[in-house]
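Data file: run.txt. Format and content: compact mmCIF, C-alpha atoms.
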```txt
# COMPACT_ATOMS: atom_id res chain seq x y z
CA MET A 1 -8.14 -36.50 5.20
CA LEU A 2 -11.01 -34.07 4.83
CA ILE A 3 -9.88 -32.57 1.57
CA ARG A 4 -9.49 -35.99 -0.03
CA ARG A 5 -13.21 -36.69 0.26
CA SER A 6 -15.58 -35.96 -2.58
CA TRP A 7 -16.88 -32.41 -2.60
CA SER A 8 -20.44 -33.70 -2.45
CA ARG A 9 -19.62 -35.44 0.82
CA VAL A 10 -17.86 -32.35 2.18
CA LEU A 11 -20.91 -30.24 1.32
CA LEU A 12 -23.21 -32.81 2.90
CA GLU A 13 -21.21 -33.09 6.14
CA ALA A 14 -21.04 -29.31 6.39
CA GLY A 15 -24.82 -29.27 6.40
CA CYS A 16 -24.93 -27.36 3.12
CA LEU A 17 -26.70 -29.97 0.97
CA PRO A 18 -29.98 -31.75 1.60
CA ALA A 19 -29.95 -35.43 2.42
CA TYR A 20 -31.00 -36.46 -1.07
CA ALA A 21 -27.77 -35.05 -2.44
CA GLU A 22 -25.82 -38.11 -1.33
CA PRO A 23 -28.34 -41.01 -1.05
CA ARG A 24 -25.72 -43.67 -0.43
CA TYR A 25 -25.27 -42.32 3.10
CA HIS A 26 -29.02 -42.74 3.83
CA ARG A 27 -30.78 -46.10 3.61
CA ARG A 28 -34.19 -44.56 2.98
CA ALA A 29 -34.47 -42.11 0.09
CA PRO A 30 -36.80 -39.11 0.53
CA ALA A 31 -40.42 -39.79 -0.41
CA PHE A 32 -40.48 -37.25 -3.23
CA ARG A 33 -37.77 -39.23 -5.05
CA GLN A 34 -39.96 -42.33 -5.11
CA LYS A 35 -42.92 -40.41 -6.61
CA SER A 36 -41.18 -38.06 -9.02
CA LYS A 37 -40.86 -39.14 -12.65
CA HIS A 38 -37.93 -36.72 -12.99
CA ARG A 39 -36.18 -37.45 -9.75
CA HIS A 40 -32.67 -37.43 -11.24
CA LYS A 41 -33.23 -34.11 -12.98
CA VAL A 42 -34.84 -32.49 -9.94
CA GLY A 43 -32.23 -33.80 -7.52
CA SER A 44 -29.30 -32.79 -9.71
CA THR A 45 -30.70 -29.28 -10.20
CA LYS A 46 -31.11 -28.79 -6.46
CA ILE A 47 -27.62 -30.06 -5.78
CA ARG A 48 -26.09 -27.75 -8.37
CA ARG A 49 -28.01 -24.76 -7.03
CA HIS A 50 -26.98 -25.45 -3.43
CA ALA A 51 -23.41 -26.03 -4.51
CA ARG A 52 -23.22 -22.75 -6.40
CA GLU A 53 -24.61 -20.80 -3.46
CA LEU A 54 -22.59 -22.45 -0.73
CA ALA A 55 -19.38 -23.86 -2.20
CA ARG A 56 -17.50 -20.64 -1.42
CA GLY A 57 -18.45 -20.84 2.24
CA VAL A 58 -17.57 -24.53 2.42
CA LEU A 59 -14.21 -23.93 0.81
CA VAL A 60 -13.54 -21.38 3.51
CA GLN A 61 -14.57 -23.86 6.22
CA VAL A 62 -12.33 -26.55 4.79
CA HIS A 63 -9.41 -24.15 4.37
CA ARG A 64 -9.65 -23.04 7.98
CA LEU A 65 -8.89 -26.59 9.02
CA MET A 66 -5.55 -26.28 7.22
CA PRO A 67 -2.70 -23.99 8.34
CA ILE A 68 -2.01 -20.89 6.25
CA THR A 69 1.43 -21.04 4.65
CA LEU A 70 3.85 -18.44 3.37
CA ASP A 71 2.93 -19.55 -0.16
CA ASP A 72 -0.71 -18.73 0.64
CA LEU A 73 0.23 -15.26 1.89
CA ARG A 74 2.41 -14.60 -1.14
CA HIS A 75 -0.39 -15.59 -3.45
CA PHE A 76 -2.89 -13.53 -1.45
CA ALA A 77 -0.66 -10.43 -1.51
CA VAL A 78 -0.46 -10.50 -5.30
CA THR A 79 -4.01 -11.41 -6.28
CA ARG A 80 -5.83 -9.06 -3.87
CA SER A 81 -3.77 -6.04 -4.93
CA LEU A 82 -3.75 -6.65 -8.69
CA PHE A 83 -7.50 -6.57 -9.09
CA MET A 84 -9.39 -6.61 -12.38
CA PRO A 85 -8.70 -3.35 -14.29
CA THR A 86 -11.46 -0.78 -13.91
CA THR A 87 -12.01 2.96 -14.46
CA LEU A 88 -9.47 5.46 -13.17
CA ARG A 89 -11.84 6.91 -10.59
CA ARG A 90 -12.83 3.48 -9.27
CA ALA A 91 -9.22 2.32 -9.10
CA VAL A 92 -8.20 5.33 -6.98
CA GLU A 93 -11.24 4.84 -4.75
CA ARG A 94 -10.46 1.15 -4.31
CA LEU A 95 -6.79 1.80 -3.53
CA GLY A 96 -7.67 4.79 -1.35
CA PHE A 97 -4.26 6.29 -1.96
CA VAL A 98 -1.76 6.27 -4.85
CA GLN A 99 1.79 7.27 -3.97
CA ALA A 100 3.36 9.88 -6.26
CA ASP A 101 6.98 10.36 -7.22
CA PRO A 102 8.45 12.94 -9.62
CA ILE A 103 11.04 10.66 -11.23
CA ARG A 104 10.11 9.62 -14.75
CA ALA A 105 11.99 6.44 -15.67
CA PRO A 106 10.38 5.83 -18.08
CA ALA A 107 7.14 7.01 -16.37
CA ARG A 108 6.21 8.32 -12.95
CA ALA A 109 5.49 5.86 -10.14
CA GLN A 110 1.79 6.76 -9.95
CA ASP A 111 1.35 5.97 -13.64
CA LEU A 112 3.30 2.71 -13.34
CA THR A 113 1.07 1.71 -10.42
CA LEU A 114 -2.20 2.52 -12.17
CA ARG A 115 -1.36 0.92 -15.52
CA HIS A 116 -2.08 -2.55 -14.10
CA ARG A 117 -5.34 -1.51 -12.46
CA VAL A 118 -7.00 0.85 -14.96
CA THR A 119 -8.39 -0.20 -18.32
CA LYS A 120 -6.37 1.17 -21.28
CA TYR A 121 -4.35 3.44 -19.00
CA ARG A 122 -1.65 5.62 -20.62
CA ALA A 123 1.25 7.47 -19.02
CA GLY A 124 0.10 10.85 -17.74
CA ASP A 125 -3.63 10.02 -17.63
CA LEU A 126 -3.85 10.74 -13.90
CA GLU A 127 -2.45 14.26 -14.25
CA ARG A 128 -4.49 14.98 -17.39
CA ARG A 129 -7.77 13.79 -15.92
CA TYR A 130 -7.20 14.85 -12.32
CA PRO A 131 -9.45 17.98 -12.34
CA ALA A 132 -12.51 15.90 -13.31
CA LEU A 133 -11.88 12.88 -11.07
CA GLY A 134 -13.01 14.31 -7.73
CA ILE A 135 -9.79 13.27 -5.94
CA GLU A 136 -7.14 15.25 -4.06
CA GLU A 137 -3.39 15.56 -3.84
CA ASP A 138 -2.33 15.26 -0.22
CA ILE A 139 -0.13 13.45 2.27
CA PHE A 140 -1.37 10.11 3.56
CA VAL A 141 1.46 7.78 4.59
CA ASN A 142 3.42 9.47 1.79
CA TYR A 143 2.57 12.20 -0.69
CA GLY A 144 0.21 11.22 -3.45
CA PHE A 145 -3.40 11.14 -4.60
CA VAL A 146 -6.24 10.28 -2.23
CA ALA A 147 -9.91 9.54 -2.72
CA ASN A 148 -12.25 12.29 -1.49
CA ALA A 149 -13.57 10.09 1.31
CA VAL A 150 -10.04 9.58 2.62
CA HIS A 151 -9.26 13.30 2.34
CA ALA A 152 -12.35 14.13 4.42
CA LEU A 153 -11.19 11.80 7.22
CA MET A 154 -7.85 13.63 7.57
CA HIS A 155 -9.08 17.23 7.74
CA PRO A 156 -9.12 19.76 9.27
CA ARG A 157 -5.50 19.58 10.43
CA ARG A 158 -5.62 21.94 13.38
CA GLY A 159 -3.28 22.76 16.23
CA ILE A 160 -0.10 21.79 14.36
CA GLY A 161 1.68 25.17 14.40
CA TRP A 162 2.72 27.36 11.50
CA PRO A 163 1.15 28.61 9.34
CA THR A 164 -1.91 29.76 11.28
CA ARG A 165 -5.00 30.85 9.40
CA GLY A 166 -5.07 34.14 11.29
CA SER A 167 -1.60 35.33 10.31
CA ARG A 168 -1.43 38.43 8.10
CA ARG A 169 0.66 36.73 5.41
CA VAL A 170 -1.72 33.78 5.20
CA GLN A 171 -4.77 36.01 5.02
CA ASP A 172 -3.21 38.12 2.26
CA LEU A 173 -2.28 35.05 0.23
CA LEU A 174 -5.74 33.50 0.67
CA ALA A 175 -7.34 36.72 -0.52
CA PHE A 176 -5.04 36.80 -3.56
CA VAL A 177 -5.83 33.17 -4.51
CA ARG A 178 -9.55 33.68 -3.96
CA GLU A 179 -9.51 36.75 -6.19
CA HIS A 180 -7.70 34.95 -9.03
CA GLY A 181 -9.46 31.58 -8.70
CA THR A 182 -6.35 29.50 -9.39
CA VAL A 183 -2.71 30.60 -9.15
CA HIS A 184 0.72 29.42 -10.25
CA PRO A 185 3.43 29.80 -7.57
CA ARG A 186 5.27 32.11 -9.97
CA GLU A 187 2.33 34.56 -9.94
CA VAL A 188 2.22 34.58 -6.14
CA ASP A 189 5.97 35.08 -5.89
CA ALA A 190 5.87 37.98 -8.34
CA HIS A 191 3.12 39.67 -6.31
CA PHE A 192 4.47 39.16 -2.77
CA LEU A 193 8.27 38.69 -3.24
CA HIS A 194 8.58 36.43 -0.20
CA GLY A 195 12.25 35.54 -0.83
CA THR A 196 13.85 32.15 -0.18
CA VAL A 197 14.03 29.56 2.61
CA THR A 198 16.10 26.41 3.28
CA ASN A 199 14.18 23.37 2.10
CA TYR A 200 14.01 19.81 3.44
CA TRP A 201 17.05 18.78 1.40
CA GLY A 202 19.20 21.63 2.66
CA GLY A 203 18.93 23.68 -0.54
CA SER A 204 17.22 26.97 -1.26
CA SER A 205 13.54 27.15 -2.20
CA SER A 206 11.14 29.96 -2.90
CA ALA A 207 9.49 31.12 0.31
CA THR A 208 6.27 31.44 -1.67
CA THR A 209 6.38 27.78 -2.71
CA HIS A 210 7.14 26.82 0.89
CA LEU A 211 4.16 28.80 2.20
CA LEU A 212 1.82 27.45 -0.49
CA GLU A 213 2.81 23.87 0.34
CA ALA A 214 2.31 24.48 4.06
CA MET A 215 -1.12 26.00 3.50
CA HIS A 216 -2.01 23.09 1.23
CA TYR A 217 -1.02 20.64 3.97
CA ARG A 218 -3.12 22.55 6.49
CA GLY A 219 -6.14 22.29 4.17
CA MET A 220 -6.37 26.01 3.36
CA LEU A 221 -5.52 25.40 -0.30
CA ARG A 222 -5.98 22.50 -2.70
CA VAL A 223 -4.24 21.48 -5.89
CA ALA A 224 -6.64 22.34 -8.70
CA ARG A 225 -4.44 20.87 -11.45
CA ARG A 226 -0.84 20.77 -12.65
CA GLU A 227 0.87 22.58 -15.49
CA GLY A 228 4.14 21.06 -16.59
CA GLY A 229 4.27 19.19 -13.29
CA ILE A 230 3.83 22.41 -11.23
CA ARG A 231 0.94 22.55 -8.76
CA ILE A 232 -1.74 25.14 -9.52
CA TYR A 233 -3.53 26.11 -6.29
CA ALA A 234 -7.09 27.11 -5.42
CA VAL A 235 -8.74 28.01 -2.10
CA ARG A 236 -10.28 25.17 -0.10
CA GLU A 237 -13.09 26.04 2.27
CA PRO A 238 -12.57 24.86 5.88
CA ALA A 239 -13.58 21.26 6.60
CA SER A 240 -15.80 20.28 9.52
CA ALA A 241 -13.97 19.10 12.62
CA ALA A 242 -14.53 15.75 14.35
CA GLY A 243 -17.44 16.00 16.76
CA GLY A 244 -15.80 14.39 19.79
CA ALA A 245 -13.57 11.59 21.07
CA ALA A 246 -15.73 8.82 19.60
CA GLU A 247 -15.77 10.36 16.12
CA ARG A 248 -12.06 11.04 16.33
CA ARG A 249 -11.34 7.38 17.12
CA ALA A 250 -13.70 6.29 14.34
CA ARG A 251 -11.87 8.47 11.82
CA VAL A 252 -8.46 7.18 12.87
CA ASP A 253 -9.69 3.56 12.70
CA ALA A 254 -11.11 4.21 9.22
CA LEU A 255 -7.73 5.58 8.07
CA VAL A 256 -5.97 2.51 9.48
CA ASP A 257 -8.38 0.32 7.52
CA VAL A 258 -7.67 2.28 4.31
CA ALA A 259 -3.93 1.70 4.75
CA VAL A 260 -4.34 -1.98 5.61
CA ARG A 261 -6.65 -2.61 2.64
CA LYS A 262 -3.99 -1.24 0.34
CA TYR A 263 -0.92 -2.98 1.74
CA ALA A 264 -2.22 -6.24 3.32
CA PRO A 265 -1.29 -8.86 4.26
CA LEU A 266 1.15 -7.24 6.69
CA PRO A 267 3.54 -8.72 9.24
CA ALA A 268 3.02 -7.26 12.71
CA MET A 269 6.08 -4.99 12.58
CA SER A 270 4.98 -3.57 9.23
CA LEU A 271 1.47 -2.99 10.55
CA SER A 272 2.93 -1.06 13.47
CA SER A 273 5.12 1.04 11.14
CA LEU A 274 2.22 1.70 8.78
CA VAL A 275 -0.06 2.92 11.57
CA SER A 276 2.76 5.10 12.86
CA ARG A 277 3.14 6.71 9.43
CA LEU A 278 -0.42 8.00 9.72
CA ARG A 279 1.10 10.77 11.86
CA TYR A 280 1.66 12.52 8.51
CA ALA A 281 -2.01 12.13 7.58
CA VAL A 282 -3.42 13.24 10.95
CA PRO A 283 -0.72 15.06 12.92
CA GLN A 284 -3.50 16.55 15.07
CA TRP A 285 -4.32 13.02 16.32
CA ARG A 286 -0.82 11.67 16.62
CA GLY A 287 -1.51 10.66 20.23
CA GLU A 288 -4.35 8.39 19.10
CA LEU A 289 -2.23 6.11 16.93
CA LYS A 290 -0.90 3.77 19.60
CA SER A 291 -4.39 2.83 20.77
CA ALA A 292 -5.52 2.63 17.11
CA PHE A 293 -2.83 0.01 16.49
CA THR A 294 -4.10 -2.03 19.45
CA ARG A 295 -7.68 -1.86 18.19
CA ALA A 296 -6.56 -2.84 14.68
CA ARG A 297 -4.82 -5.98 15.94
CA HIS A 298 -8.11 -7.12 17.50
CA ARG A 299 -10.24 -6.08 14.53
CA LEU A 300 -8.23 -7.55 11.65
CA SER A 301 -7.97 -11.15 10.50
CA HIS A 302 -4.79 -12.75 11.78
CA ALA A 303 -2.57 -15.81 11.45
CA ARG A 304 0.85 -16.81 12.73
CA VAL A 305 3.01 -18.20 9.94
CA ASP A 306 6.58 -19.39 10.46
CA GLY A 307 6.79 -17.49 13.73
CA VAL A 308 5.51 -14.18 12.28
CA ASP A 309 2.09 -12.65 12.99
CA TRP A 310 0.29 -11.48 9.82
CA TYR A 311 -2.76 -9.22 9.50
CA TRP A 312 -5.27 -8.45 6.75
CA PRO A 313 -8.82 -7.03 6.48
CA ALA A 314 -11.50 -8.95 8.32
CA GLY A 315 -13.70 -10.97 5.98
CA GLU A 316 -11.05 -11.55 3.29
CA GLN A 317 -10.03 -15.15 2.78
CA VAL A 318 -6.52 -16.46 2.23
CA PRO A 319 -5.20 -17.42 -0.31
CA GLY A 320 -7.62 -15.93 -2.87
CA PRO A 321 -8.22 -16.69 -6.56
CA PRO A 322 -5.55 -18.22 -8.84
CA ALA A 323 -2.78 -15.90 -10.02
CA PRO A 324 -2.86 -15.25 -13.79
CA GLU A 325 0.00 -16.61 -15.86
CA ARG A 326 1.56 -13.27 -16.76
CA VAL A 327 4.64 -11.08 -16.36
CA LEU A 328 4.26 -7.59 -14.90
CA PHE A 329 6.77 -4.78 -14.33
CA LEU A 330 5.89 -3.24 -10.96
CA ALA A 331 6.62 0.30 -9.80
CA PRO A 332 9.07 0.66 -6.86
CA PHE A 333 6.13 1.96 -4.78
CA ASP A 334 3.48 -0.46 -6.05
CA PRO A 335 1.42 -1.86 -3.15
CA VAL A 336 2.77 -5.34 -3.90
CA VAL A 337 6.38 -4.28 -3.24
CA TRP A 338 6.09 -1.09 -1.14
CA ASP A 339 6.80 -2.73 2.23
CA ARG A 340 10.41 -3.92 2.00
CA ARG A 341 10.15 -6.00 5.19
CA ARG A 342 7.19 -7.91 3.78
CA PHE A 343 8.94 -8.21 0.42
CA GLU A 344 11.88 -10.07 1.98
CA LEU A 345 9.58 -12.37 3.97
CA LEU A 346 7.48 -13.28 0.94
CA TRP A 347 10.12 -13.53 -1.78
CA ALA A 348 13.31 -14.21 0.22
CA TRP A 349 15.46 -11.52 -1.37
CA ALA A 350 16.04 -7.83 -0.68
CA TYR A 351 14.86 -5.36 -3.30
CA ARG A 352 16.19 -1.81 -3.01
CA PHE A 353 15.14 1.46 -4.64
CA GLU A 354 18.48 2.90 -5.79
CA ALA A 355 17.64 6.18 -7.55
CA TYR A 356 19.45 8.09 -4.79
CA THR A 357 22.27 5.55 -4.38
CA PRO A 358 25.63 6.48 -5.96
CA ALA A 359 25.96 4.64 -9.29
CA PRO A 360 29.01 2.52 -8.29
CA ARG A 361 27.07 1.10 -5.34
CA ARG A 362 23.92 0.13 -7.23
CA ARG A 363 23.08 -3.53 -7.59
CA PHE A 364 19.78 -3.34 -9.45
CA GLY A 365 19.92 -0.03 -11.30
CA TYR A 366 18.73 3.57 -11.10
CA TYR A 367 15.00 2.80 -11.30
CA ALA A 368 14.71 -0.98 -11.24
CA LEU A 369 11.16 -2.31 -11.56
CA PRO A 370 10.47 -5.63 -9.77
CA LEU A 371 9.50 -8.33 -12.26
CA LEU A 372 6.46 -10.38 -11.28
CA TRP A 373 5.86 -13.82 -12.81
CA ARG A 374 2.57 -15.39 -11.70
CA ASP A 375 2.80 -14.79 -7.92
CA ARG A 376 6.61 -14.75 -7.74
CA ILE A 377 8.93 -11.76 -8.06
CA VAL A 378 11.80 -13.37 -9.91
CA GLY A 379 13.94 -10.37 -10.89
CA TRP A 380 13.91 -6.77 -12.01
CA THR A 381 14.11 -4.67 -15.13
CA ASN A 382 15.45 -1.23 -16.03
CA LEU A 383 13.61 0.52 -18.84
CA SER A 384 14.72 3.46 -20.92
CA VAL A 385 13.65 5.17 -24.12
CA GLN A 386 16.39 5.69 -26.70
CA ASP A 387 15.72 7.15 -30.15
CA GLY A 388 12.01 6.69 -29.56
CA ARG A 389 12.31 2.98 -28.83
CA LEU A 390 11.92 1.12 -25.54
CA ARG A 391 15.04 -0.57 -24.16
CA CYS A 392 14.79 -3.25 -21.51
CA GLY A 393 17.63 -4.55 -19.30
CA THR A 394 16.57 -7.45 -17.08
CA GLY A 395 18.23 -9.18 -14.14
CA TYR A 396 17.17 -12.28 -12.22
CA VAL A 397 17.46 -13.39 -8.62
CA ARG A 398 18.71 -16.83 -9.69
CA SER A 399 20.97 -15.41 -12.40
CA SER A 400 18.76 -16.78 -15.17
CA PRO A 401 15.09 -16.46 -16.16
CA PRO A 402 12.46 -19.12 -15.43
CA GLY A 403 12.93 -21.94 -17.88
CA ASP A 404 9.39 -22.45 -19.16
CA ALA A 405 8.47 -21.11 -22.58
CA ALA A 406 5.41 -19.36 -21.18
CA PHE A 407 7.62 -16.93 -19.27
CA ALA A 408 9.49 -15.80 -22.38
CA ARG A 409 6.21 -15.28 -24.22
CA GLU A 410 4.64 -13.32 -21.36
CA LEU A 411 7.76 -11.18 -20.95
CA GLU A 412 7.50 -10.11 -24.58
CA LEU A 413 3.83 -9.28 -24.09
CA GLU A 414 4.61 -7.10 -21.05
CA VAL A 415 7.27 -5.20 -22.98
CA GLU A 416 4.70 -4.59 -25.71
CA ARG A 417 2.12 -3.41 -23.15
CA MET A 418 4.70 -1.02 -21.72
CA ARG A 419 5.45 0.35 -25.20
CA ILE A 420 1.75 1.08 -25.79
CA PHE A 421 1.43 2.61 -22.29
CA LEU A 422 4.30 5.01 -23.09
CA GLY A 423 2.91 5.83 -26.53
CA LEU A 424 6.02 4.65 -28.38
CA ALA A 425 6.23 3.44 -31.95
CA GLY A 426 6.37 -0.30 -32.51
```
Target encoding structure tokens, full file:
Amino acid sequence: MLIRRSWSRVLLEAGCLPAYAEPRYHRRAPAFRQKSKHRHKVGSTKIRRHARELARGVLVQVHRLMPITLDDLRHFAVTRSLFMPTTLRRAVERLGFVQADPIRAPARAQDLTLRHRVTKYRAGDLERRYPALGIEEDIFVNYGFVANAVHALMHPRRGIGWPTRGSRRVQDLLAFVREHGTVHPREVDAHFLHGTVTNYWGGSSSATTHLLEAMHYRGMLRVARREGGIRIYAVREPASAAGGAAERRARVDALVDVAVRKYAPLPAMSLSSLVSRLRYAVPQWRGELKSAFTRARHRLSHARVDGVDWYWPAGEQVPGPPAPERVLFLAPFDPVVWDRRRFELLWAWAYRFEAYTPAPRRRFGYYALPLLWRDRIVGWTNLSVQDGRLRCGTGYVRSSPPGDAAFARELELEVERMRIFLGLAG
């Protein structure tokens, strides 16, 4: 019943408007109204001013009287993540972390993620502009690009085993990198001839590359830039350690908040998995993560919807602003779709990343991009570049596209935006 009342009455009953705002509820009008020659103008101005300042808070109060629905969470997930495009530096700082992937189909995942959030973004801008952005390549919950503030929370990574800073090989390599300023792995390999090792995938990798990556993870080296996709390393001076147990907990809680801000709203199981994945970011504080999860559950905003507990940053209101009427092709690791458990709860179908799935077993395609329409993910698309032209193969969850003409128009506009992003001819 409350939301059917006039907004002026809602504002009045919430104590947000003065009595003169709704005189029919008060037999005696305020004295100033009887004396003022411009009482209507004065009263209306005051009402409008109060409404502008307080309507947001009243809307929140009214909404809290109504249960949050799955539609609200779906809408919230889309609109809070796909914020107004900004500069590249600000977008990375707002996201905190951008997951990287080497596959280019037709662009790398980090570029596909940033194209929706950075003004006039073009494929490859992150790699080209990286040296001047003041960000770092590192592991967070996955490998990618992190804001400097996030990087500082994770380091130094001490007490995690090989390689130790005091080992002869490490000291020799650090001296070599410091002498040259920046080094390509090929230069290091030619100088030290470290041989080969078995990599994560079971194949053979250069022992030099393996050592450089390990020293980078430990915070001894940083990625200064890339050349042809290859990391070029420079020495990183040691970071300051956490001062004690309180600072350690504060750092871990801050990292949890970074992850939640990027991927919220999260069902409880996904929140637990996400906090657990911070063991890659802070292996030295792995034992702190269980208690950090407990603190997060008490700190974050929370609602139970259809039997599932959901969490999001404190202070943010569900459902958020209206979703624009547009079509977007999302990267497989875009924050909107990254959590597959959440994806199935919100959109009631199972999306799968199939780049490493044998071709005969693929349902969606090698590098299928989820297709967002308003706040619904209604299908997927596979993009390729043939003879300098963009090709688009689209599939739909309900076997056919949405029937309204606006969808067809917006789909064409997104294909055109993708063409410009890739730098292809029209």
Point-to-point distance in Å for CA of Ala109 in chain A and CA of Asp189 in chain A: 29.5 Å
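The smallest atom-to-atom distance between Val275 in chain A and any of A:Asp111, A:Asp404, A:Asp253, A:Asp306, using only C-alpha atoms, is found for A:Asp253.
Each of A:Pro370, A:Tyr311, A:Pro156, A:Tyr396 was checked against Gly243 in chain A using all atoms listed in the file; the smallest atom-to-atom distance is that of A:Pro156.
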Closest of A:Val92, A:Ala100, A:Trp162, A:Ala250 to His210 in chain A - atom-to-atom distances counting only C-alpha atoms: A:Trp162
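Distances here use only C-alpha atoms; by that measure, the residue among A:Arg304, A:Arg295, A:Arg236, A:Arg340 closest to Val256 in chain A is A:Arg295.
In this model, the gap between CA of Val150 in chain A and CA of His184 in chain A comes to 26.0 Å.
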